[in-house]
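query04.pdb follows (PDB, C-alpha atoms):
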```pdb
ATOM      1  CA  MET A   1       7.953  -6.931  -4.412
ATOM      2  CA  LEU A   2       7.236  -4.851  -7.511
ATOM      3  CA  LEU A   3       4.431  -2.978  -5.727
ATOM      4  CA  GLY A   4       6.904  -1.360  -3.376
ATOM      5  CA  CYS A   5       9.922  -1.113  -5.647
ATOM      6  CA  ALA A   6       8.859  -0.122  -9.160
ATOM      7  CA  GLY A   7       8.241   3.616  -9.469
ATOM      8  CA  LEU A   8       4.790   5.160  -9.790
ATOM      9  CA  CYS A   9       3.145   2.262  -7.961
ATOM     10  CA  THR A  10       1.730   4.698  -5.416
ATOM     11  CA  SER A  11      -0.709   5.913  -8.046
ATOM     12  CA  ASP A  12      -2.073   4.204 -11.135
ATOM     13  CA  PRO A  13      -0.163   1.133 -12.353
ATOM     14  CA  PHE A  14       2.358   1.711 -15.115
ATOM     15  CA  ILE A  15       3.555  -1.429 -16.840
ATOM     16  CA  PHE A  16       6.673   0.000 -18.494
ATOM     17  CA  THR A  17       8.077   1.156 -15.144
ATOM     18  CA  THR A  18       7.514  -2.347 -13.799
ATOM     19  CA  TRP A  19       9.288  -3.947 -16.750
ATOM     20  CA  SER A  20      12.150  -1.442 -16.407
ATOM     21  CA  TYR A  21      12.663  -2.288 -12.729
ATOM     22  CA  ALA A  22      12.715  -6.005 -13.518
ATOM     23  CA  ARG A  23      15.322  -5.375 -16.214
ATOM     24  CA  ASP A  24      17.542  -2.971 -14.263
ATOM     25  CA  TYR A  25      17.380  -4.490 -10.758
ATOM     26  CA  GLY A  26      15.720  -7.885 -11.001
ATOM     27  CA  VAL A  27      12.842  -9.367  -9.005
ATOM     28  CA  ALA A  28      13.264 -11.615  -5.986
ATOM     29  CA  THR A  29      11.391 -14.892  -5.678
ATOM     30  CA  GLY A  30       8.211 -15.041  -3.625
ATOM     31  CA  GLY A  31       4.797 -16.597  -3.165
ATOM     32  CA  ILE A  32       1.235 -15.651  -2.262
ATOM     33  CA  HIS A  33       0.415 -14.103   1.096
ATOM     34  CA  GLY A  34       1.029 -16.527   3.925
ATOM     35  CA  SER A  35       2.794 -19.069   1.730
ATOM     36  CA  GLY A  36       6.223 -18.647   3.332
ATOM     37  CA  LYS A  37       7.755 -19.266  -0.095
ATOM     38  CA  GLY A  38      10.645 -17.477  -1.732
ATOM     39  CA  CYS A  39      12.631 -14.475  -0.628
ATOM     40  CA  VAL A  40       9.833 -11.885  -0.558
ATOM     41  CA  PRO A  41       6.346 -13.471  -0.229
ATOM     42  CA  TYR A  42       3.413 -11.178  -1.002
ATOM     43  CA  THR A  43       2.913  -8.874   1.978
ATOM     44  CA  TYR A  44      -0.828  -8.251   2.180
ATOM     45  CA  PRO A  45      -3.886 -10.512   2.399
ATOM     46  CA  GLY A  46      -6.561 -10.343  -0.290
ATOM     47  CA  CYS A  47      -9.211  -7.640  -0.185
ATOM     48  CA  ASP A  48     -12.174  -6.564  -2.277
ATOM     49  CA  HIS A  49     -10.659  -3.773  -4.321
ATOM     50  CA  LYS A  50      -7.698  -1.474  -4.739
ATOM     51  CA  SER A  51      -7.406   0.600  -1.579
ATOM     52  CA  ASN A  52      -6.588   3.827  -3.393
ATOM     53  CA  TYR A  53     -10.128   4.342  -4.713
ATOM     54  CA  ASP A  54     -11.425   7.618  -3.334
ATOM     55  CA  ASP A  55     -15.028   7.125  -4.359
ATOM     56  CA  VAL A  56     -15.914   3.663  -3.016
ATOM     57  CA  ASP A  57     -19.261   4.853  -1.675
ATOM     58  CA  ASP A  58     -20.030   6.507  -4.995
ATOM     59  CA  PHE A  59     -20.017   3.314  -7.051
ATOM     60  CA  VAL A  60     -21.754   1.046  -4.512
ATOM     61  CA  GLY A  61     -25.193   0.409  -5.960
ATOM     62  CA  HIS A  62     -23.952   0.751  -9.537
ATOM     63  CA  GLY A  63     -23.651  -2.932 -10.330
ATOM     64  CA  VAL A  64     -21.109  -3.645  -7.562
ATOM     65  CA  LYS A  65     -22.005  -5.840  -4.595
ATOM     66  CA  ASN A  66     -20.405  -6.433  -1.222
ATOM     67  CA  ILE A  67     -17.602  -3.918  -1.615
ATOM     68  CA  SER A  68     -15.480  -3.461   1.488
ATOM     69  CA  GLU A  69     -12.270  -1.535   1.976
ATOM     70  CA  CYS A  70      -8.872  -3.166   2.283
ATOM     71  CA  LYS A  71      -8.586  -2.628   6.057
ATOM     72  CA  GLY A  72      -7.108   0.804   5.479
ATOM     73  CA  GLN A  73      -3.965  -0.650   3.932
ATOM     74  CA  LEU A  74      -2.182   1.417   1.323
ATOM     75  CA  ILE A  75      -0.863  -1.624  -0.454
ATOM     76  CA  PHE A  76       1.167   0.387  -2.953
ATOM     77  CA  ASP A  77       2.923   2.380  -0.221
ATOM     78  CA  HIS A  78       5.588   0.287   1.428
ATOM     79  CA  ASP A  79       9.354   0.357   1.395
ATOM     80  CA  CYS A  80      11.329  -1.613  -1.133
ATOM     81  CA  PRO A  81      12.954  -4.501   0.805
ATOM     82  CA  ASN A  82      16.753  -4.615   0.913
ATOM     83  CA  LYS A  83      16.785  -8.136   2.315
ATOM     84  CA  CYS A  84      14.542 -11.193   2.202
ATOM     85  CA  THR A  85      11.414 -10.802   4.316
ATOM     86  CA  ASN A  86      11.136 -14.594   4.630
ATOM     87  CA  GLU A  87      13.594 -15.464   7.390
ATOM     88  CA  LYS A  88      13.609 -19.126   6.350
ATOM     89  CA  HIS A  89      14.927 -18.254   2.888
ATOM     90  CA  LYS A  90      18.703 -18.671   2.961
ATOM     91  CA  THR A  91      19.703 -17.028  -0.335
ATOM     92  CA  PRO A  92      20.498 -13.272   0.029
ATOM     93  CA  ILE A  93      18.152 -11.017  -1.898
ATOM     94  CA  ASP A  94      20.798  -9.733  -4.311
ATOM     95  CA  LYS A  95      21.673 -13.292  -5.337
ATOM     96  CA  ASP A  96      18.014 -14.309  -5.407
ATOM     97  CA  ARG A  97      16.936 -11.705  -7.943
ATOM     98  CA  LYS A  98      15.972 -12.771 -11.454
ATOM     99  CA  ARG A  99      16.777 -10.023 -13.931
ATOM    100  CA  LEU A 100      14.858  -9.407 -17.133
ATOM    101  CA  THR A 101      16.931  -9.366 -20.316
ATOM    102  CA  THR A 102      14.580  -7.076 -22.246
ATOM    103  CA  PHE A 103      10.917  -6.233 -22.732
ATOM    104  CA  TYR A 104       8.913  -5.125 -25.753
ATOM    105  CA  MET A 105       5.477  -4.318 -27.118
ATOM    106  CA  THR A 106       3.816  -7.025 -29.167
ATOM    107  CA  SER A 107       1.547  -6.684 -32.156
ATOM    108  CA  THR A 108      -2.111  -5.819 -31.555
ATOM    109  CA  ASN A 109      -3.191  -8.192 -34.316
ATOM    110  CA  GLU A 110      -5.081 -11.179 -32.909
ATOM    111  CA  PHE A 111      -3.240 -13.755 -35.026
ATOM    112  CA  SER A 112       0.126 -12.242 -34.072
ATOM    113  CA  ILE A 113      -0.808 -12.257 -30.380
ATOM    114  CA  ARG A 114      -1.617 -15.961 -30.589
ATOM    115  CA  ASN A 115       1.706 -16.608 -32.312
ATOM    116  CA  GLU A 116       3.541 -14.689 -29.589
ATOM    117  CA  ILE A 117       1.888 -16.758 -26.838
ATOM    118  CA  LEU A 118       2.466 -20.022 -28.678
ATOM    119  CA  ALA A 119       6.136 -19.264 -29.316
ATOM    120  CA  TYR A 120       7.214 -17.429 -26.161
ATOM    121  CA  GLY A 121       4.491 -17.763 -23.515
ATOM    122  CA  PRO A 122       2.007 -15.389 -21.803
ATOM    123  CA  VAL A 123       1.743 -11.684 -22.607
ATOM    124  CA  VAL A 124       0.684  -8.811 -20.357
ATOM    125  CA  THR A 125      -2.305  -6.706 -21.332
ATOM    126  CA  SER A 126      -4.834  -4.389 -19.747
ATOM    127  CA  VAL A 127      -8.437  -3.292 -19.986
ATOM    128  CA  VAL A 128     -10.176  -0.120 -18.949
ATOM    129  CA  LEU A 129     -11.352  -1.013 -15.447
ATOM    130  CA  PHE A 130     -15.073  -0.656 -14.783
ATOM    131  CA  SER A 131     -16.979  -1.530 -11.626
ATOM    132  CA  ASP A 132     -18.480  -4.723 -13.113
ATOM    133  CA  PHE A 133     -14.991  -6.212 -13.372
ATOM    134  CA  LEU A 134     -14.751  -6.362  -9.560
ATOM    135  CA  GLU A 135     -17.012  -9.399  -9.552
ATOM    136  CA  LYS A 136     -15.342 -12.604 -10.770
ATOM    137  CA  PRO A 137     -16.589 -13.223 -14.310
ATOM    138  CA  VAL A 138     -18.545 -16.415 -14.971
ATOM    139  CA  GLY A 139     -17.889 -17.785 -18.431
ATOM    140  CA  ILE A 140     -16.800 -15.160 -20.939
ATOM    141  CA  PHE A 141     -16.777 -11.702 -19.379
ATOM    142  CA  HIS A 142     -19.378  -9.290 -20.738
ATOM    143  CA  ALA A 143     -20.156  -5.817 -19.480
ATOM    144  CA  THR A 144     -23.135  -5.299 -17.205
ATOM    145  CA  TYR A 145     -24.784  -1.903 -17.051
ATOM    146  CA  PRO A 146     -24.728   0.581 -15.495
ATOM    147  CA  ARG A 147     -20.965   0.388 -15.013
ATOM    148  CA  LYS A 148     -18.684   2.983 -13.485
ATOM    149  CA  LEU A 149     -15.189   3.834 -14.680
ATOM    150  CA  LEU A 150     -12.662   3.114 -11.904
ATOM    151  CA  ALA A 151      -9.273   3.258 -13.620
ATOM    152  CA  PHE A 152      -7.814   3.361 -17.111
ATOM    153  CA  ASP A 153      -5.616   0.290 -16.676
ATOM    154  CA  LYS A 154      -6.274  -3.106 -15.122
ATOM    155  CA  PHE A 155      -3.366  -5.404 -15.927
ATOM    156  CA  PHE A 156      -3.402  -9.184 -16.234
ATOM    157  CA  LYS A 157      -1.821 -11.812 -18.437
ATOM    158  CA  ILE A 158      -3.171 -13.747 -21.402
ATOM    159  CA  ILE A 159      -2.113 -17.389 -21.331
ATOM    160  CA  GLY A 160      -4.134 -18.870 -24.170
ATOM    161  CA  TRP A 161      -7.303 -18.707 -26.260
ATOM    162  CA  GLY A 162     -10.324 -20.722 -27.348
ATOM    163  CA  LYS A 163     -13.952 -20.739 -28.433
ATOM    164  CA  GLU A 164     -17.134 -21.294 -26.478
ATOM    165  CA  GLY A 165     -20.755 -21.918 -27.435
ATOM    166  CA  ARG A 166     -22.701 -23.946 -29.948
ATOM    167  CA  ARG A 167     -21.637 -24.467 -33.542
ATOM    168  CA  TYR A 168     -22.200 -21.364 -35.720
ATOM    169  CA  GLN A 169     -22.746 -19.382 -32.499
ATOM    170  CA  GLU A 170     -19.275 -19.765 -31.068
ATOM    171  CA  GLU A 171     -17.603 -16.816 -29.389
ATOM    172  CA  LYS A 172     -13.831 -16.456 -29.408
ATOM    173  CA  TYR A 173     -12.105 -15.636 -26.142
ATOM    174  CA  TRP A 174      -8.733 -14.995 -24.553
ATOM    175  CA  LEU A 175      -7.860 -17.172 -21.563
ATOM    176  CA  CYS A 176      -6.530 -14.829 -18.887
ATOM    177  CA  VAL A 177      -5.150 -14.908 -15.355
ATOM    178  CA  ASN A 178      -6.022 -12.234 -12.812
ATOM    179  CA  THR A 179      -3.626 -11.563  -9.933
ATOM    180  CA  TRP A 180      -5.587  -8.973  -7.975
ATOM    181  CA  ASP A 181      -8.478  -8.705  -5.494
ATOM    182  CA  THR A 182     -10.292 -11.548  -3.745
ATOM    183  CA  TRP A 183     -10.365 -13.569  -6.949
ATOM    184  CA  GLY A 184      -6.652 -13.177  -7.550
ATOM    185  CA  ASP A 185      -4.768 -15.908  -9.412
ATOM    186  CA  LYS A 186      -8.006 -17.027 -11.029
ATOM    187  CA  ILE A 187      -8.488 -17.864 -14.689
ATOM    188  CA  PHE A 188     -11.205 -16.074 -16.650
ATOM    189  CA  LYS A 189     -12.194 -15.412 -20.267
ATOM    190  CA  ILE A 190     -12.634 -12.179 -22.207
ATOM    191  CA  PRO A 191     -13.842 -11.735 -25.813
ATOM    192  CA  ARG A 192     -11.113 -12.112 -28.425
ATOM    193  CA  GLY A 193     -10.569 -10.394 -31.752
ATOM    194  CA  ARG A 194     -12.626  -7.224 -31.225
ATOM    195  CA  ASN A 195     -10.510  -5.244 -28.777
ATOM    196  CA  TYR A 196     -13.092  -5.658 -26.019
ATOM    197  CA  ASP A 197     -12.545  -2.931 -23.392
ATOM    198  CA  PHE A 198      -9.213  -2.274 -25.193
ATOM    199  CA  VAL A 199      -7.806  -5.705 -24.278
ATOM    200  CA  GLU A 200      -5.845  -5.868 -27.546
ATOM    201  CA  SER A 201      -4.573  -2.266 -27.536
ATOM    202  CA  THR A 202      -1.367  -2.444 -25.504
ATOM    203  CA  LEU A 203       0.347  -5.794 -25.052
ATOM    204  CA  THR A 204       3.847  -6.313 -23.693
ATOM    205  CA  ALA A 205       6.139  -9.222 -22.939
ATOM    206  CA  GLY A 206       9.502  -9.785 -21.315
ATOM    207  CA  VAL A 207      12.500 -12.044 -21.909
ATOM    208  CA  PHE A 208      14.537 -13.567 -19.085
ATOM    209  CA  ASP A 209      16.806 -15.688 -21.238
ATOM    210  CA  ASP A 210      20.145 -14.546 -22.619
ATOM    211  CA  ILE A 211      19.971 -13.055 -26.119
ATOM    212  CA  ASP A 212      22.780 -14.113 -28.448
TER     213      ASP A 212
END
```

What would you get if you wrote out this structure as structure tokens?
Amino acid sequence: MLLGCAGLCTSDPFIFTTWSYARDYGVATGGIHGSGKGCVPYTYPGCDHKSNYDDVDDFVGHGVKNISECKGQLIFDHDCPNKCTNEKHKTPIDKDRKRLTTFYMTSTNEFSIRNEILAYGPVVTSVVLFSDFLEKPVGIFHATYPRKLLAFDKFFKIIGWGKEGRRYQEEKYWLCVNTWDTWGDKIFKIPRGRNYDFVESTLTAGVFDDID
């Protein structure tokens, strides 16, 4: 729902506009494409990359394999629904919406980020999106070269943290969830504590509960 309703979604993603829409108007319930769940299930099937890339042919052969377009769909260009798109859902959209109480930026300090997640749940972050990120990472994500810059923001959420590797050679990581492309809703790991690809630069979170 946010893809069609929150402003600026027809170009690069902008997290603060998304948070603002959720606060001011609320977000209806939904599920993944084809799930038939909620008021507004996700509209489009999965595809290999964002359909608004203009230079797909330019980065094929630069570390990216099996790239195909999203069937010509402009997935960020659809009307904001004024009623539930799932006909089986009986609650009207205006009563179905869940409205955000507030949103805020969190600290960029690693220890503070872990405290935020432990106390209040996942946080939203982003990395600079390069072509090697289009392939689902195996283990902890590390850059492969050559890599091509595709966009300045790729958003996902951090749900936890951990360490991996042998003793004295352990690498710290953030446990993340991606909700985009053919490996959407998949968990992956990215290095923690060294602002890898700017993952610890801009973190935000939202509150749905009433604030006394």

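From CA of Val27 in chain A back to CA of Phe198 in chain A, the distance works out to 28.3 Å.
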
Inset, instruction - Rank nothing, just name the residue among A:Lys37, A:Arg194, A:Lys186, A:Lys83 nearest to Lys136 in chain A, using only C-alpha atoms. - result: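 The closest residue to Lys136 in chain A is A:Lys186.
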
Legend entry - Atomic separation - CA of Gly160 in chain A relative to CA of Val123 in chain A, Å: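 Between CA of Val123 in chain A and CA of Gly160 in chain A the gap works out to 9.4 Å.
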
For the contact check between range 92-143 of chain A and range 17-21 of chain A, emit one row per residue of range 92-143 of chain A within 9 Å, containing the shortest atom pair and the distance in Å rounded to one decimal, counting only C-alpha atoms, chain then rising number order, as CSV.
```
residue,atom,partner,partner_atom,distance
A:Arg99,CA,A:Tyr21,CA,8.8
A:Leu100,CA,A:Trp19,CA,7.8
A:Thr102,CA,A:Trp19,CA,8.2
A:Phe103,CA,A:Trp19,CA,6.6
```

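CA of Ile15 in chain A is found 8.4 Å from CA of Thr204 in chain A.
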
Legend entry - Chain and number of each residue from the PyMOL selection byres ((chain A and resi 197) around 7), as a ChimeraX atom specification: /A:127-128,195-196,198-199

Keeping only C-alpha atoms, write those residues as a PDB file, keeping the file's coordinate frame.
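Ended up saving to part.pdb:
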```
ATOM      1  CA  VAL A 127      -8.437  -3.292 -19.986  1.00  0.00           C
ATOM      2  CA  VAL A 128     -10.176  -0.120 -18.949  1.00  0.00           C
ATOM      3  CA  ASN A 195     -10.510  -5.244 -28.777  1.00  0.00           C
ATOM      4  CA  TYR A 196     -13.092  -5.658 -26.019  1.00  0.00           C
ATOM      5  CA  PHE A 198      -9.213  -2.274 -25.193  1.00  0.00           C
ATOM      6  CA  VAL A 199      -7.806  -5.705 -24.278  1.00  0.00           C
TER       7      VAL A 199
END
```

Inset, instruction - Within 12 Å of Gly121 in chain A, counting all atoms listed in the file, which residues show up once you throw out same-chain ones fewer than 6 positions away? Write them as number ranges by chain, please. - result: A: 113-115, 157-160, 204-208

Inset, instruction - Would you mind telling me which residue in A:Trp161, A:Tyr42, A:Phe152, A:Tyr168 lies nearest to Lys189 in chain A when using only C-alpha atoms? - result: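 Under the stated criterion, the closest residue is A:Trp161.
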
Legend entry - Residue members of the PyMOL selection byres ((chain A and resi 92) around 12) in the file shown, as a PyMOL selection string: chain A and resi 28-29+38-40+81-91+93-97

Inset, instruction - On this file, the PyMOL selection byres ((chain A and resi 202) around 8) gives some set of residues; write that set as JSON, numbers by chain. - result: {"A": [105, 106, 108, 125, 126, 198, 199, 200, 201, 203, 204]}

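Nearest to Gly31 in chain A of all the residues A:Phe156, A:Glu164, A:Phe16, A:Met1 is A:Met1, based on all atoms listed in the file.
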
For range 131-151 of chain A, where the input has fewer atoms than it should, I would like N, CA, C and O atoms rebuilt and written as a short mmCIF file (atom, residue, chain, number, x, y, z; two decimals), keeping the file's coordinate frame.
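Full text of result_26.cif as output:
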```cif
data_model
loop_
_atom_site.label_atom_id
_atom_site.label_comp_id
_atom_site.auth_asym_id
_atom_site.auth_seq_id
_atom_site.Cartn_x
_atom_site.Cartn_y
_atom_site.Cartn_z
N SER A 131 -16.53 -0.94 -12.89
CA SER A 131 -16.98 -1.53 -11.63
C SER A 131 -17.44 -2.97 -11.78
O SER A 131 -17.30 -3.77 -10.86
N ASP A 132 -17.98 -3.35 -12.95
CA ASP A 132 -18.48 -4.72 -13.11
C ASP A 132 -17.35 -5.75 -13.16
O ASP A 132 -17.59 -6.94 -13.03
N PHE A 133 -16.12 -5.30 -13.34
CA PHE A 133 -14.99 -6.21 -13.37
C PHE A 133 -14.57 -6.65 -11.97
O PHE A 133 -13.77 -7.58 -11.81
N LEU A 134 -15.11 -6.00 -10.93
CA LEU A 134 -14.75 -6.36 -9.56
C LEU A 134 -15.36 -7.69 -9.14
O LEU A 134 -14.91 -8.32 -8.18
N GLU A 135 -16.41 -8.10 -9.83
CA GLU A 135 -17.01 -9.40 -9.55
C GLU A 135 -16.37 -10.42 -10.47
O GLU A 135 -16.18 -10.17 -11.67
N LYS A 136 -16.00 -11.59 -9.94
CA LYS A 136 -15.34 -12.60 -10.77
C LYS A 136 -16.25 -13.01 -11.94
O LYS A 136 -17.38 -13.43 -11.73
N PRO A 137 -15.76 -12.86 -13.16
CA PRO A 137 -16.59 -13.22 -14.31
C PRO A 137 -16.92 -14.72 -14.33
O PRO A 137 -16.11 -15.55 -13.94
N VAL A 138 -18.12 -15.03 -14.78
CA VAL A 138 -18.55 -16.42 -14.97
C VAL A 138 -18.66 -16.64 -16.48
O VAL A 138 -19.39 -15.93 -17.17
N GLY A 139 -17.93 -17.61 -16.99
CA GLY A 139 -17.89 -17.78 -18.43
C GLY A 139 -17.07 -16.67 -19.07
O GLY A 139 -16.11 -16.18 -18.49
N ILE A 140 -17.48 -16.27 -20.26
CA ILE A 140 -16.80 -15.16 -20.94
C ILE A 140 -17.31 -13.85 -20.37
O ILE A 140 -18.51 -13.63 -20.26
N PHE A 141 -16.39 -12.97 -19.98
CA PHE A 141 -16.78 -11.70 -19.38
C PHE A 141 -17.50 -10.82 -20.39
O PHE A 141 -17.04 -10.62 -21.51
N HIS A 142 -18.66 -10.29 -19.96
CA HIS A 142 -19.38 -9.29 -20.74
C HIS A 142 -19.81 -8.17 -19.79
O HIS A 142 -20.13 -8.43 -18.63
N ALA A 143 -19.81 -6.98 -20.30
CA ALA A 143 -20.16 -5.82 -19.48
C ALA A 143 -21.59 -5.91 -18.99
O ALA A 143 -22.48 -6.40 -19.69
N THR A 144 -21.79 -5.45 -17.76
CA THR A 144 -23.14 -5.30 -17.20
C THR A 144 -23.34 -3.82 -16.89
O THR A 144 -22.45 -3.16 -16.37
N TYR A 145 -24.52 -3.33 -17.18
CA TYR A 145 -24.78 -1.90 -17.05
C TYR A 145 -25.84 -1.65 -15.98
O TYR A 145 -26.70 -2.49 -15.74
N PRO A 146 -25.74 -0.47 -15.29
CA PRO A 146 -24.73 0.58 -15.50
C PRO A 146 -23.38 0.16 -14.92
O PRO A 146 -23.32 -0.62 -13.98
N ARG A 147 -22.32 0.66 -15.48
CA ARG A 147 -20.96 0.39 -15.01
C ARG A 147 -20.23 1.71 -14.83
O ARG A 147 -20.42 2.63 -15.59
N LYS A 148 -19.39 1.75 -13.82
CA LYS A 148 -18.68 2.98 -13.48
C LYS A 148 -17.19 2.83 -13.77
O LYS A 148 -16.59 1.81 -13.43
N LEU A 149 -16.61 3.83 -14.40
CA LEU A 149 -15.19 3.83 -14.68
C LEU A 149 -14.41 3.99 -13.38
O LEU A 149 -14.64 4.92 -12.61
N LEU A 150 -13.47 3.06 -13.11
CA LEU A 150 -12.66 3.11 -11.90
C LEU A 150 -11.21 3.48 -12.19
O LEU A 150 -10.57 4.16 -11.40
N ALA A 151 -10.67 2.98 -13.28
CA ALA A 151 -9.27 3.26 -13.62
C ALA A 151 -9.08 2.97 -15.11
O ALA A 151 -9.86 2.22 -15.72
#
```
